[in-house]
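Data first, discussion second: the structure below is written as structure tokens.
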Amino acid sequence: MVPPHFLLIALPNRGAMNPALQLAEHLARIGSHVTFLTTVFAHRCMVDPVCVEGLTFTTFSDGYDDGRKPGDDTERFQAEMKRRGSEALRGLIDSSSRQSLSIYYYYFNGYEDVIKNVTSQSCDTTSLIQLPDLPPLANRDVPSFFNLENKQAFVLPKLQSQFEQLNEGGNPTVVLVNTFDVLELEVLRVIGTVKLVGIGALVPLHFLDAQNHNSSDKSSRGDIFRGSEDYVQWCDSKEEASVIYVAFGSIATLSKEQKRGMACGLLETGRAFLWVIRESDGDDDELIFKEELDKKGVIVPWCSQIELLSHRSIGCFFTHCGWNSTLESLACGIPMVAFPQFGDQMTNAKLVEDVWNVGVRASEISEEGTIVEGGEIKKCLELVMGGGERGDGISRNAKKRKDLAMEASKEGGSSDRNLKAFVEEFVKVDWIKCFMLD
Ligand code: UDP
């Protein structure tokens with residue numbers, strides 16, 4: 001039989017590129033042909049794209065071959081994607097949790113008023129809503145797009161049109177989701193005509209598997225930034241589980257007040273830390289305690305996150321709870337302190353703290369947005385790093401999730417089986433549509 005040929009188109013940001021590359025490799029390893037299409041810039045930034053048989057890379061120019069700057073018009077990328085893809089592009093793969101996807105789905109399918117009811121009460125953390133198969137959610141747990149006052153609300157019409165596409169024609173639609181079955185057991189796998197298929201954790205397997213940690217099986221990393229490798233040597237010199245890793249993904253921009261609160265909290269713990277502050281996050285000199293920070297920790301503009309999370313010295317991840325970061329932390333068994341900024345990060349933080357019990361949440365929502373005092377940050381970091389009944393429970397839970405992620409992702413695991421079943425169906429059935437919502 002002729003192997004199926006997938007065209008995989010990835011947005012040129014890390015949150016989309018990393019899982020897309022893993023998926024491409026997995027598809028190729030199980031015998032499919034994959035053409036991975038992304039922008040000239042994103043491809044140029046990839047470190048050693050791996051040559052797996054069946055996987056080829058190709059590029060197009062989105063007009064930003066030297067990278068985008070804040071304020072650039074990203075619609076152009078999508079227009080180009082549509083032009084290139086049209087018929088070939090059958091859909092999208094999602095990098096959100098199944099629970100966030102369900103919330104989106106419910107919003108556009110009968111629960112808009114229920115959700116608006118809680119999101120319109122900006123500082124109220126006591127009112128809760130109940131959506132089918134989801135835990136009770138407060139305002140701060142719901143993706144911020146649904147709060148119409150929020151500056152991210154512009155995402156809503158785009159989400160809506162994607163969900164309309166999913167429902168088009170009444171035929172079942174498959175959404176491949178970067179999650180694994182046992183992580184989100186309670187959530188329905190089919191909502192309406194949409195089938196949510198867990199194929200994650202889409203992280204390089206050799207990082208999950210401690211025994212193969214030094215394996216030469218290098219996976220694609222798609223690093224948008226290069227350099228700063230010295231930090232690994234610095235980590236090598238630290239004791240096991242003694243370092244706090246701090247990173248807020250590739251999009252969120254921290255305000256000066258937020259950075260100040262974080263710096264205070266980190267310094268107050270007296271613990272070693274590695275903090276990623278991207279160049280676009282503002283001048284380093286804005287950091288009030290720069291000298292003290294430099295004594296206790298390392299600040300880098302970017303790092304290989306998955307490599308760090310699987311380093312024995314890391315004891316806690318202070319994170320914005322982007323879905324990839326959350327999943328990578330779970331897959332590496334690292335407890336989290338969550339400081340979500342916007343979008344589905346709010347829901348991910350809820351899952352981390354209350355559903356999986358693998359971390360605590362530090363943020364508070366105020367009129368000014370998400371802020372948090374240094375004292376609160378210190379308290380949360382100490383809770384996770386300092387032992388004690390709750391901290392130990394959190395660490396144990398995190399280790400359990402790591403085992404489950406490994407189990408699901410390895411050959412024969414649920415995600416591997418789900419992907420193979422999808423490929424088989426894809427070959428047989430000509431109505432199948434697969435969507436990526438990122
Ligand atoms: N990442 C990284 N190095 C860093 C910070 C982030 O490699 O210094 C990667 C991280 O491993 C993850 C992605 O960037 O795969 C960020 O995706 P996520 O969904 O967590 O956040 P987003 O950038 O979409 O807000």
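Letters for chains follow the order of the structure tokens (A, B, ...), residue numbers begin at 1 for each chain, and ligand numbers begin at 1 in the order shown.
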Subject >> Close residues to ligand 1 using only C-alpha atoms and all ligand atoms, limit 6 Å, as a PyMOL selection string >> reply: chain A and resi 14-15+18+247+249-252+276+302-306+322-325
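Across A:Val298, A:Phe317, A:Pro340, A:Asn139, the tightest approach to Thr253 of chain A is made by A:Pro340 when counting only C-alpha atoms.
For the pair atom CA of Glu112 of chain A and atom CA of Val190 of chain A, the interatomic distance is 19.5 Å.
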Considering only alpha helix (DSSP H) as DSSP defines it on the backbone, what residues of segment 146-377 of chain A qualify? List them as an mmCIF file with C-alpha atoms, in the first residue's frame.
data_model
loop_
_atom_site.group_PDB
_atom_site.id
_atom_site.type_symbol
_atom_site.label_atom_id
_atom_site.label_comp_id
_atom_site.auth_asym_id
_atom_site.auth_seq_id
_atom_site.Cartn_x
_atom_site.Cartn_y
_atom_site.Cartn_z
ATOM 1 C CA VAL A 155 -9.176 35.949 19.494
ATOM 2 C CA LEU A 156 -12.810 34.996 20.003
ATOM 3 C CA PRO A 157 -14.103 35.506 16.424
ATOM 4 C CA LYS A 158 -11.158 33.480 15.100
ATOM 5 C CA LEU A 159 -11.883 30.666 17.503
ATOM 6 C CA GLN A 160 -15.513 30.813 16.508
ATOM 7 C CA SER A 161 -14.767 30.453 12.812
ATOM 8 C CA GLN A 162 -12.474 27.496 13.543
ATOM 9 C CA PHE A 163 -15.233 25.793 15.490
ATOM 10 C CA GLU A 164 -17.676 26.489 12.675
ATOM 11 C CA GLN A 165 -15.263 24.779 10.301
ATOM 12 C CA LEU A 166 -15.121 21.810 12.646
ATOM 13 C CA ASN A 167 -18.874 21.437 12.500
ATOM 14 C CA LEU A 205 10.989 10.694 23.939
ATOM 15 C CA HIS A 206 14.649 10.365 24.803
ATOM 16 C CA PHE A 207 14.233 13.234 27.255
ATOM 17 C CA LEU A 208 11.371 11.450 28.954
ATOM 18 C CA ASP A 230 26.728 27.526 29.345
ATOM 19 C CA TYR A 231 23.722 27.240 31.586
ATOM 20 C CA VAL A 232 23.867 23.443 31.381
ATOM 21 C CA GLN A 233 27.323 23.459 32.940
ATOM 22 C CA TRP A 234 26.035 25.782 35.634
ATOM 23 C CA CYS A 235 23.188 23.336 36.322
ATOM 24 C CA ASP A 236 25.660 20.431 36.392
ATOM 25 C CA LYS A 256 8.108 45.751 35.151
ATOM 26 C CA GLU A 257 5.932 45.211 38.240
ATOM 27 C CA GLN A 258 5.580 41.532 37.514
ATOM 28 C CA LYS A 259 9.315 41.117 37.046
ATOM 29 C CA ARG A 260 9.939 43.042 40.248
ATOM 30 C CA GLY A 261 7.572 40.761 42.190
ATOM 31 C CA MET A 262 9.199 37.686 40.706
ATOM 32 C CA ALA A 263 12.718 38.943 41.437
ATOM 33 C CA CYS A 264 11.767 39.668 45.077
ATOM 34 C CA GLY A 265 10.157 36.252 45.485
ATOM 35 C CA LEU A 266 13.103 34.416 43.963
ATOM 36 C CA LEU A 267 15.662 36.284 46.057
ATOM 37 C CA GLU A 268 13.673 35.767 49.242
ATOM 38 C CA THR A 269 13.842 31.998 48.800
ATOM 39 C CA LYS A 290 20.065 42.798 38.938
ATOM 40 C CA GLU A 291 23.249 42.532 41.039
ATOM 41 C CA GLU A 292 21.713 40.281 43.661
ATOM 42 C CA LEU A 293 20.004 38.235 40.996
ATOM 43 C CA ASP A 294 23.316 37.649 39.253
ATOM 44 C CA LYS A 295 24.823 36.326 42.496
ATOM 45 C CA LYS A 296 22.115 33.751 43.091
ATOM 46 C CA GLN A 305 13.535 24.028 27.898
ATOM 47 C CA ILE A 306 12.957 20.326 27.578
ATOM 48 C CA GLU A 307 16.662 19.677 28.127
ATOM 49 C CA LEU A 308 16.560 21.771 31.281
ATOM 50 C CA LEU A 309 13.365 20.275 32.629
ATOM 51 C CA TRP A 323 0.159 24.202 27.282
ATOM 52 C CA ASN A 324 3.502 22.999 25.912
ATOM 53 C CA SER A 325 5.344 24.119 29.026
ATOM 54 C CA THR A 326 2.745 22.479 31.250
ATOM 55 C CA LEU A 327 2.931 19.217 29.350
ATOM 56 C CA GLU A 328 6.730 19.256 29.202
ATOM 57 C CA SER A 329 6.857 19.797 32.963
ATOM 58 C CA LEU A 330 4.406 16.943 33.554
ATOM 59 C CA ALA A 331 6.352 14.707 31.196
ATOM 60 C CA CYS A 332 9.582 15.433 33.084
ATOM 61 C CA GLN A 345 -2.967 29.376 30.608
ATOM 62 C CA MET A 346 -5.673 30.253 33.140
ATOM 63 C CA THR A 347 -7.311 26.842 32.701
ATOM 64 C CA ASN A 348 -3.990 25.011 32.656
ATOM 65 C CA ALA A 349 -3.083 26.587 35.999
ATOM 66 C CA LYS A 350 -6.379 25.357 37.439
ATOM 67 C CA GLY A 374 7.110 38.766 46.030
ATOM 68 C CA GLY A 375 5.976 37.305 49.364
ATOM 69 C CA GLU A 376 3.301 35.199 47.699
ATOM 70 C CA ILE A 377 5.783 33.940 45.114
#
Subject >> Polymer residues at most 9 Å from Gly391 of chain A, only C-alpha atoms, same-chain spacing of 6 or more positions, as a PyMOL selection string >> reply: chain A and resi 335+359+382-385
Expected file: the selected residues, N, CA, C and O atoms, as a PDB file, in the first residue's frame:
ATOM      1  N   PRO A 335       7.455  19.551  39.486  1.00  0.00           N
ATOM      2  CA  PRO A 335       6.328  20.314  40.053  1.00  0.00           C
ATOM      3  C   PRO A 335       6.370  21.774  39.609  1.00  0.00           C
ATOM      4  O   PRO A 335       7.437  22.303  39.299  1.00  0.00           O
ATOM      5  N   GLY A 359       1.205  21.170  41.434  1.00  0.00           N
ATOM      6  CA  GLY A 359       1.784  22.495  41.632  1.00  0.00           C
ATOM      7  C   GLY A 359       0.828  23.402  42.356  1.00  0.00           C
ATOM      8  O   GLY A 359      -0.260  22.978  42.781  1.00  0.00           O
ATOM      9  N   GLU A 382       8.458  27.993  48.045  1.00  0.00           N
ATOM     10  CA  GLU A 382       8.870  27.213  49.216  1.00  0.00           C
ATOM     11  C   GLU A 382       7.966  26.010  49.430  1.00  0.00           C
ATOM     12  O   GLU A 382       8.419  24.941  49.812  1.00  0.00           O
ATOM     13  N   LEU A 383       6.685  26.224  49.172  1.00  0.00           N
ATOM     14  CA  LEU A 383       5.750  25.110  49.348  1.00  0.00           C
ATOM     15  C   LEU A 383       6.146  23.927  48.457  1.00  0.00           C
ATOM     16  O   LEU A 383       6.145  22.782  48.860  1.00  0.00           O
ATOM     17  N   VAL A 384       6.532  24.266  47.224  1.00  0.00           N
ATOM     18  CA  VAL A 384       6.873  23.203  46.275  1.00  0.00           C
ATOM     19  C   VAL A 384       8.283  22.656  46.512  1.00  0.00           C
ATOM     20  O   VAL A 384       8.507  21.450  46.440  1.00  0.00           O
ATOM     21  N   MET A 385       9.230  23.550  46.837  1.00  0.00           N
ATOM     22  CA  MET A 385      10.639  23.114  46.948  1.00  0.00           C
ATOM     23  C   MET A 385      11.009  22.667  48.360  1.00  0.00           C
ATOM     24  O   MET A 385      11.975  21.927  48.537  1.00  0.00           O
TER      25      MET A 385
END
Original post:
Near Val118 of chain A, counting only C-alpha atoms, which residues have an atom at most 8 Å away, once you skip same-chain residues fewer than 4 positions from it, shown as an NGL selection string?
Top reply: :A and (114 or 127-129 or 138-139)
Output all heavy atoms for every residue in the selection just made, as an mmCIF file, in the first residue's frame.
data_model
loop_
_atom_site.group_PDB
_atom_site.id
_atom_site.type_symbol
_atom_site.label_atom_id
_atom_site.label_comp_id
_atom_site.auth_asym_id
_atom_site.auth_seq_id
_atom_site.Cartn_x
_atom_site.Cartn_y
_atom_site.Cartn_z
ATOM 1 N N VAL A 114 -23.696 31.139 30.135
ATOM 2 C CA VAL A 114 -23.180 30.594 31.404
ATOM 3 C C VAL A 114 -21.738 31.072 31.609
ATOM 4 O O VAL A 114 -21.351 31.529 32.692
ATOM 5 C CB VAL A 114 -23.209 29.040 31.358
ATOM 6 C CG1 VAL A 114 -22.588 28.429 32.610
ATOM 7 C CG2 VAL A 114 -24.623 28.533 31.151
ATOM 8 N N SER A 127 -17.665 32.947 42.556
ATOM 9 C CA SER A 127 -18.729 32.367 41.724
ATOM 10 C C SER A 127 -18.134 31.287 40.822
ATOM 11 O O SER A 127 -17.060 31.481 40.241
ATOM 12 C CB SER A 127 -19.353 33.413 40.800
ATOM 13 O OG SER A 127 -19.768 34.491 41.550
ATOM 14 N N LEU A 128 -18.873 30.184 40.725
ATOM 15 C CA LEU A 128 -18.360 29.072 39.923
ATOM 16 C C LEU A 128 -19.366 28.685 38.855
ATOM 17 O O LEU A 128 -20.575 28.819 39.054
ATOM 18 C CB LEU A 128 -18.123 27.851 40.823
ATOM 19 C CG LEU A 128 -17.092 28.015 41.936
ATOM 20 C CD1 LEU A 128 -17.093 26.784 42.841
ATOM 21 C CD2 LEU A 128 -15.697 28.229 41.368
ATOM 22 N N ILE A 129 -18.859 28.183 37.729
ATOM 23 C CA ILE A 129 -19.768 27.612 36.736
ATOM 24 C C ILE A 129 -19.455 26.130 36.580
ATOM 25 O O ILE A 129 -18.338 25.682 36.835
ATOM 26 C CB ILE A 129 -19.653 28.289 35.348
ATOM 27 C CG1 ILE A 129 -18.190 28.353 34.899
ATOM 28 C CG2 ILE A 129 -20.303 29.642 35.349
ATOM 29 C CD1 ILE A 129 -18.035 28.633 33.433
ATOM 30 N N ALA A 138 -13.987 29.007 38.198
ATOM 31 C CA ALA A 138 -14.183 30.415 38.557
ATOM 32 C C ALA A 138 -13.713 31.280 37.391
ATOM 33 O O ALA A 138 -13.113 30.771 36.438
ATOM 34 C CB ALA A 138 -13.378 30.736 39.812
ATOM 35 N N ASN A 139 -13.955 32.559 37.499
ATOM 36 C CA ASN A 139 -13.543 33.490 36.445
ATOM 37 C C ASN A 139 -12.080 33.297 36.056
ATOM 38 O O ASN A 139 -11.713 33.228 34.887
ATOM 39 C CB ASN A 139 -13.782 34.924 36.954
ATOM 40 C CG ASN A 139 -13.322 35.965 35.964
ATOM 41 O OD1 ASN A 139 -13.195 35.681 34.785
ATOM 42 N ND2 ASN A 139 -13.055 37.156 36.451
#
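For the pair atom CA of Cys316 of chain A and atom CA of Gly413 of chain A, the separation is 27.2 Å.
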**OP:** For each of A:Leu404, A:Ala421, A:Val372, A:Leu202, take the minimum atom-to-atom distance to Asp181 of chain A, counting only C-alpha atoms, then give the residue where this is smallest.
**Re:** A:Leu404
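Between atom CA of Gly343 of chain A and atom CA of His320 of chain A there is a distance of 10.5 Å.
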**OP:** With a distance cut-off of 9 Å and only C-alpha atoms, select the neighbouring residues of Arg29 of chain A, excluding the residue or stretch itself and same-chain residues fewer than 5 positions from it, and output the selection as JSON, numbers by chain.
**Re:** {"A": [24, 52, 53, 54, 55]}
For Asp133 of chain A, list every protein, DNA or RNA residue within 7 Å, evaluated using only C-alpha atoms, and leave out those in the same chain fewer than 5 positions away; present the list as a tab-separated table (two decimals) with C-alpha atoms, in the first residue's frame.
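Result written to selection-v4.tsv:
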chain	number	residue	atom	x	y	z
A	186	GLU	CA	-12.85	12.51	32.68
A	187	VAL	CA	-13.22	14.75	29.63
A	188	LEU	CA	-15.37	13.55	26.77
Original post:
Which residue out of A:Ala241, A:Val40, A:Leu27, A:Val194 has the minimum interatomic distance to Asp416 of chain A when only C-alpha atoms are used?
Top reply: A:Leu27
